[in-house]
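Participant: My questions all concern the structure below.
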Amino acid sequence: MVSDNPLQQVRESAKWVNEHSDNVKINFNKINEFLDNLKKDDYESKSSTVLFPLNYSNTQQEINFWFLLDLINFGSGYRKELHEASNRGAYETICYGLMGMFLSQGGKLTANFLSNMSLNDVAQLFNIPTQEEFEIQAGIYSYRDTPLKQLVQSIHTVLKESSEIVLKLGFQDFGDWIWSITDPSKRSSATPLASDLVKTLVEKIPAFNDQANYKDHRIFIFKKVQLLAADLYRRFKDTIPDRFNFTDINDVTVFTDNVLPAVLRNFGILEVSKELEERLNAGGELLPGNDEVELRVQAIQACIEIVSIAKNRPNNFINNDVEFDYYLWTKGKDGEIRKVERHYTKKTIFY
């Protein structure tokens with residue numbers, strides 16, 4: 001029976017995929033080897049909270065920024081094209097565009113403003129080229145769409161669709177909506193729960209409803225919405241504990257994308273079949289399907305196992321999956337690990 005708690009749905013899904021995975025396996029010996037070599041200072045420096053150099057007029061405005069950042073935190077499938085176009089990766093491109101948008105609007109990123117943005121507005125703000133010149137024949141040139149236009153269209157669609165939803169719910173922006181959802185007087189539990197926030201957002205916002213079909217089984221992943229819950233927890237748990245000090249934060253899993261599987265492959269914790277390894281190393285696109293699900297979801301299960309094993313070791317400093325995710329994702333930016341070929345999937349708005 002599937003739980004109605006979205007955090008448990010992700011954990012149940014990860015366990016099921018691990019039991020039925022064909023091409024991605026977890027090497028438990030490598031988990032212990034990884035933990036033996038993990039240094040506390042490196043871990044703590046790479047898992048600290050990141051803040052943005054922006055001046056917010058109030059808390060709701062900052063929450064609105066975090067919501068938007070995690071809502072459109074995708075585009076990893078276009079990483080190489082983005083680097084070629086602007087020398088930025090997908091996440092850096094989203095941060096660049098969103099901070100520029102924030103500054104241009106004086107922080108007022110209202111749902112009305114976002115729902116009325118044009119495709120060209122998005123392309124310009126995020127500095128993503130949608131047209132390129134090409135030579136038809138000697139001396140004659142024309143224009144055509146770039147491969148990145150599809151990414152711009154996806155960002156535009158997600159912003160417009162999500163903003164129209166929050167307007168219909170009666171809120172001027174996502175910050176006000178989150179403030180209402182987390183109102184202590186409206187909840188049935190004694191303490192704030194990440195699962196309540198995640199469940200509400202998944203039910204209302206399609207771009208947060210990260211699921212997949214795998215061997216006739218529904219698999220729940222919920223990458224971006226769990227990341228939002230974690231970001232709000234880390235940012236506000238001490239200053240606004242009655243809303244954001246989620247007492248079930250340890251149930252939140254890692255926010256699986258294409259970076260975590262690559263980092264875990266680097267350490268030998270995730271092992272892939274020879275055929276899949278050849279496809280990954282060849283650098284071709286991995287279309288949505290079983291292999292993509294196995295890479296992403298086995299990364300979740302591997303991290304669940306790592307955190308669980310670490311807690312039974314002396315002098316453990318890994319507190320939960322959330323913190324461990326920030327470490328792994330940052331570790332993925334290290335020189336040698338960054339060279340590990342990541343899978344990429346363009347037809348997704350989830351990572």
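By order in the structure tokens, chains are A, B, ...; within a chain, residues start at 1; ligands start at 1, following the order shown.
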Applying 8 Å and only C-alpha atoms, which residues near Leu232 in chain A remain after dropping the ones on its own chain fewer than 6 positions away? List them as a list in words.

Facilitator: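 That gives Ile63, Trp66 and Phe244 of chain A.
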
Participant: Excluding Gly289 in chain A and its own-chain neighbours fewer than 3 positions away, which residues fall within 9 Å of it when counting only C-alpha atoms? Please give them as a PDB file with N, CA, C and O atoms, in the first residue's frame.

Facilitator:
ATOM      1  N   ALA A 212       7.428   9.169 -12.163  1.00  0.00           N
ATOM      2  CA  ALA A 212       7.795   8.424 -13.372  1.00  0.00           C
ATOM      3  C   ALA A 212       7.119   7.059 -13.349  1.00  0.00           C
ATOM      4  O   ALA A 212       6.800   6.530 -12.275  1.00  0.00           O
ATOM      5  N   ASN A 213       6.898   6.516 -14.525  1.00  0.00           N
ATOM      6  CA  ASN A 213       6.420   5.145 -14.646  1.00  0.00           C
ATOM      7  C   ASN A 213       7.620   4.230 -14.895  1.00  0.00           C
ATOM      8  O   ASN A 213       8.416   4.479 -15.799  1.00  0.00           O
ATOM      9  N   TYR A 214       7.731   3.198 -14.086  1.00  0.00           N
ATOM     10  CA  TYR A 214       8.875   2.287 -14.167  1.00  0.00           C
ATOM     11  C   TYR A 214       8.376   0.863 -13.957  1.00  0.00           C
ATOM     12  O   TYR A 214       7.858   0.534 -12.889  1.00  0.00           O
ATOM     13  N   LEU A 286      20.270  10.692 -22.698  1.00  0.00           N
ATOM     14  CA  LEU A 286      19.540   9.589 -22.109  1.00  0.00           C
ATOM     15  C   LEU A 286      18.070   9.995 -22.047  1.00  0.00           C
ATOM     16  O   LEU A 286      17.691  10.863 -21.265  1.00  0.00           O
ATOM     17  N   GLU A 292      17.083   6.085 -16.960  1.00  0.00           N
ATOM     18  CA  GLU A 292      17.101   7.394 -16.318  1.00  0.00           C
ATOM     19  C   GLU A 292      16.504   7.295 -14.919  1.00  0.00           C
ATOM     20  O   GLU A 292      17.049   7.861 -13.954  1.00  0.00           O
ATOM     21  N   VAL A 293      15.402   6.578 -14.773  1.00  0.00           N
ATOM     22  CA  VAL A 293      14.777   6.389 -13.461  1.00  0.00           C
ATOM     23  C   VAL A 293      15.732   5.670 -12.519  1.00  0.00           C
ATOM     24  O   VAL A 293      15.900   6.067 -11.361  1.00  0.00           O
ATOM     25  N   GLU A 294      16.367   4.623 -13.008  1.00  0.00           N
ATOM     26  CA  GLU A 294      17.282   3.863 -12.151  1.00  0.00           C
ATOM     27  C   GLU A 294      18.448   4.719 -11.663  1.00  0.00           C
ATOM     28  O   GLU A 294      18.826   4.661 -10.488  1.00  0.00           O
TER      29      GLU A 294
END

Participant: Nearest to Lys311 in chain A among A:Ala85, A:Leu35, A:Pro241, A:Ile94, with distances taken over only C-alpha atoms: which residue is it?

Facilitator: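 Among the listed residues, A:Leu35 lies closest to Lys311 in chain A.
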
Participant: Might you pull out every residue within 12 Å of Ile249 in chain A, with only C-alpha atoms counted and same-chain residues fewer than 6 positions away left off, and present them as a PyMOL selection string?

Facilitator: chain A and resi 7-8+191-198+226-234+237+319-323

Participant: Please write the residues from the selection above to a file, keeping N, CA, C and O atoms, as a compact mmCIF listing (two decimals), in the first residue's frame.

Facilitator:
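Dumped to result_20.txt:
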# COMPACT_ATOMS: atom_id res chain seq x y z
N LEU A 7 6.84 12.21 1.46
CA LEU A 7 8.23 11.90 1.79
C LEU A 7 8.43 10.39 1.90
O LEU A 7 9.45 9.85 1.45
N GLN A 8 7.44 9.70 2.45
CA GLN A 8 7.50 8.25 2.53
C GLN A 8 7.28 7.61 1.16
O GLN A 8 7.83 6.55 0.86
N THR A 191 3.39 20.44 15.26
CA THR A 191 4.62 21.06 14.77
C THR A 191 4.57 21.19 13.25
O THR A 191 3.82 20.45 12.59
N PRO A 192 5.37 22.08 12.67
CA PRO A 192 5.39 22.20 11.21
C PRO A 192 6.01 20.96 10.56
O PRO A 192 7.02 20.43 11.06
N LEU A 193 5.41 20.50 9.48
CA LEU A 193 5.88 19.29 8.80
C LEU A 193 6.21 19.58 7.34
O LEU A 193 5.40 20.17 6.62
N ALA A 194 7.38 19.15 6.90
CA ALA A 194 7.76 19.28 5.50
C ALA A 194 6.79 18.50 4.62
O ALA A 194 6.46 18.93 3.51
N SER A 195 6.32 17.37 5.12
CA SER A 195 5.42 16.53 4.33
C SER A 195 4.12 17.26 3.98
O SER A 195 3.58 17.08 2.89
N ASP A 196 3.62 18.09 4.90
CA ASP A 196 2.39 18.85 4.62
C ASP A 196 2.62 19.86 3.51
O ASP A 196 1.79 20.01 2.61
N LEU A 197 3.75 20.56 3.58
CA LEU A 197 4.08 21.55 2.55
C LEU A 197 4.26 20.87 1.19
O LEU A 197 3.70 21.31 0.18
N VAL A 198 5.03 19.79 1.18
CA VAL A 198 5.30 19.07 -0.07
C VAL A 198 4.02 18.55 -0.69
O VAL A 198 3.79 18.68 -1.90
N GLN A 226 10.95 18.91 -2.69
CA GLN A 226 11.69 18.58 -1.46
C GLN A 226 12.83 19.57 -1.24
O GLN A 226 13.13 19.95 -0.10
N LEU A 227 13.46 19.97 -2.33
CA LEU A 227 14.54 20.96 -2.23
C LEU A 227 14.01 22.27 -1.67
O LEU A 227 14.66 22.91 -0.83
N LEU A 228 12.83 22.68 -2.11
CA LEU A 228 12.23 23.91 -1.58
C LEU A 228 11.97 23.79 -0.09
O LEU A 228 12.29 24.71 0.69
N ALA A 229 11.41 22.67 0.33
CA ALA A 229 11.15 22.46 1.76
C ALA A 229 12.46 22.53 2.55
O ALA A 229 12.53 23.15 3.63
N ALA A 230 13.51 21.93 2.00
CA ALA A 230 14.81 21.94 2.67
C ALA A 230 15.43 23.33 2.70
O ALA A 230 16.00 23.75 3.72
N ASP A 231 15.31 24.07 1.60
CA ASP A 231 15.85 25.42 1.55
C ASP A 231 15.16 26.33 2.57
O ASP A 231 15.81 27.13 3.25
N LEU A 232 13.83 26.21 2.65
CA LEU A 232 13.09 27.02 3.61
C LEU A 232 13.44 26.62 5.04
O LEU A 232 13.54 27.48 5.93
N TYR A 233 13.63 25.34 5.27
CA TYR A 233 14.02 24.85 6.59
C TYR A 233 15.38 25.43 7.00
O TYR A 233 15.53 26.00 8.09
N ARG A 234 16.35 25.29 6.12
CA ARG A 234 17.70 25.75 6.46
C ARG A 234 17.76 27.27 6.64
O ARG A 234 18.49 27.77 7.48
N LYS A 237 14.55 28.03 9.84
CA LYS A 237 14.22 27.17 10.98
C LYS A 237 14.52 27.82 12.32
O LYS A 237 13.82 27.57 13.32
N ASN A 319 24.19 14.35 9.47
CA ASN A 319 22.96 14.41 10.24
C ASN A 319 21.74 13.86 9.52
O ASN A 319 20.89 13.21 10.12
N ASN A 320 21.64 14.13 8.22
CA ASN A 320 20.46 13.66 7.49
C ASN A 320 20.73 13.73 5.99
O ASN A 320 21.78 14.21 5.54
N ASP A 321 19.77 13.26 5.21
CA ASP A 321 19.91 13.21 3.75
C ASP A 321 19.98 14.61 3.14
O ASP A 321 20.66 14.82 2.12
N VAL A 322 19.26 15.56 3.73
CA VAL A 322 19.25 16.93 3.22
C VAL A 322 20.65 17.51 3.22
O VAL A 322 21.16 18.00 2.21
N GLU A 323 21.27 17.46 4.37
CA GLU A 323 22.63 17.98 4.53
C GLU A 323 23.60 17.24 3.62
O GLU A 323 24.47 17.84 2.98

Participant: Go through range 13-155 of chain A and collect every residue that DSSP, computed from the backbone, puts in strand (DSSP E or B); the answer should be as a count of residues only.

Facilitator: 16

Participant: Which residues of range 246-300 of chain A come within 12 Å of range 23-34 of chain A, and what is each one's closest atom pair and distance in Å (one decimal), counting only C-alpha atoms, sorted by chain and residue number, as a Markdown table?

Facilitator:
| residue | atom | partner | partner_atom | distance |
| --- | --- | --- | --- | --- |
| A:Pro261 | CA | A:Val24 | CA | 9.9 |
| A:Ala262 | CA | A:Val24 | CA | 11.9 |
| A:Val263 | CA | A:Phe34 | CA | 11.5 |
| A:Leu264 | CA | A:Ile26 | CA | 9.4 |
| A:Arg265 | CA | A:Ile26 | CA | 9.6 |
| A:Asn266 | CA | A:Lys30 | CA | 10.5 |
| A:Phe267 | CA | A:Phe34 | CA | 6.9 |
| A:Gly268 | CA | A:Lys30 | CA | 5.9 |
| A:Ile269 | CA | A:Asn27 | CA | 5.0 |
| A:Leu270 | CA | A:Ile26 | CA | 4.9 |
| A:Glu271 | CA | A:Lys25 | CA | 5.2 |
| A:Val272 | CA | A:Val24 | CA | 4.5 |
| A:Ser273 | CA | A:Asn23 | CA | 4.9 |
| A:Lys274 | CA | A:Asn23 | CA | 8.5 |
| A:Glu275 | CA | A:Asn23 | CA | 8.4 |
| A:Leu276 | CA | A:Asn23 | CA | 6.9 |
| A:Glu277 | CA | A:Asn23 | CA | 9.2 |
| A:Glu278 | CA | A:Asn23 | CA | 11.9 |
| A:Arg279 | CA | A:Asn23 | CA | 11.8 |
| A:Asn290 | CA | A:Asn23 | CA | 9.0 |
| A:Asp291 | CA | A:Asn23 | CA | 6.9 |
| A:Glu292 | CA | A:Val24 | CA | 9.8 |
| A:Val293 | CA | A:Val24 | CA | 9.7 |
| A:Glu294 | CA | A:Val24 | CA | 6.0 |
| A:Leu295 | CA | A:Val24 | CA | 6.4 |
| A:Arg296 | CA | A:Val24 | CA | 9.7 |
| A:Val297 | CA | A:Val24 | CA | 9.6 |
| A:Gln298 | CA | A:Val24 | CA | 6.9 |
| A:Ala299 | CA | A:Ile26 | CA | 8.6 |
| A:Ile300 | CA | A:Ile26 | CA | 10.7 |

Participant: Wanna dump the range 65-132 of chain A-range 154-158 of chain A contacts at 9 Å for me, each residue with its shortest atom pair and the distance in Å to one decimal, counting only C-alpha atoms, ordered by chain and number, as a tab-separated table?

Facilitator:
residue	atom	partner	partner_atom	distance
A:Leu71	CA	A:Val158	CA	7.9
A:Ile72	CA	A:Ile155	CA	6.4
A:Phe74	CA	A:Ile155	CA	8.5
A:Gly75	CA	A:Ile155	CA	8.8
A:Leu114	CA	A:His156	CA	8.7
A:Ser115	CA	A:His156	CA	8.6
A:Met117	CA	A:His156	CA	7.5
A:Ser118	CA	A:His156	CA	7.4
A:Leu119	CA	A:His156	CA	6.1
A:Asp121	CA	A:His156	CA	8.9
A:Val122	CA	A:His156	CA	6.5
A:Ala123	CA	A:His156	CA	9.0

Participant: Write the residues you've just listed into a file as a tab-separated table (two decimals), in the first residue's frame, and include N, CA and C atoms for each of them.

Facilitator:
chain	number	residue	atom	x	y	z
A	71	LEU	N	11.47	26.21	-8.29
A	71	LEU	CA	10.47	25.88	-9.30
A	71	LEU	C	11.10	25.72	-10.68
A	72	ILE	N	12.01	26.62	-11.05
A	72	ILE	CA	12.61	26.56	-12.39
A	72	ILE	C	14.05	26.03	-12.33
A	74	PHE	N	15.85	23.64	-13.33
A	74	PHE	CA	15.99	22.52	-14.26
A	74	PHE	C	16.81	23.01	-15.45
A	75	GLY	N	16.95	22.19	-16.46
A	75	GLY	CA	17.75	22.55	-17.63
A	75	GLY	C	19.10	21.87	-17.69
A	114	LEU	N	4.83	37.56	-13.68
A	114	LEU	CA	5.40	36.32	-14.23
A	114	LEU	C	4.48	35.69	-15.28
A	115	SER	N	3.17	35.77	-15.05
A	115	SER	CA	2.24	35.15	-15.99
A	115	SER	C	2.15	35.91	-17.30
A	117	MET	N	4.90	37.45	-18.74
A	117	MET	CA	6.19	37.51	-19.41
A	117	MET	C	6.11	36.84	-20.78
A	118	SER	N	6.79	37.41	-21.75
A	118	SER	CA	6.84	36.81	-23.08
A	118	SER	C	8.02	35.86	-23.18
A	119	LEU	N	8.04	35.08	-24.24
A	119	LEU	CA	9.16	34.18	-24.48
A	119	LEU	C	10.45	34.98	-24.64
A	121	ASP	N	11.09	37.89	-23.28
A	121	ASP	CA	11.46	38.40	-21.95
A	121	ASP	C	12.33	37.37	-21.22
A	122	VAL	N	11.89	36.12	-21.25
A	122	VAL	CA	12.63	35.06	-20.57
A	122	VAL	C	14.01	34.88	-21.20
A	123	ALA	N	14.07	34.85	-22.52
A	123	ALA	CA	15.34	34.68	-23.22
A	123	ALA	C	16.33	35.79	-22.85

Participant: Nearest to Glu132 in chain A among A:Ala190, A:Asn116, A:Lys149, A:Tyr56, with distances taken over only C-alpha atoms: which residue is it?

Facilitator: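 Smallest separation from Glu132 in chain A among the options: A:Lys149.
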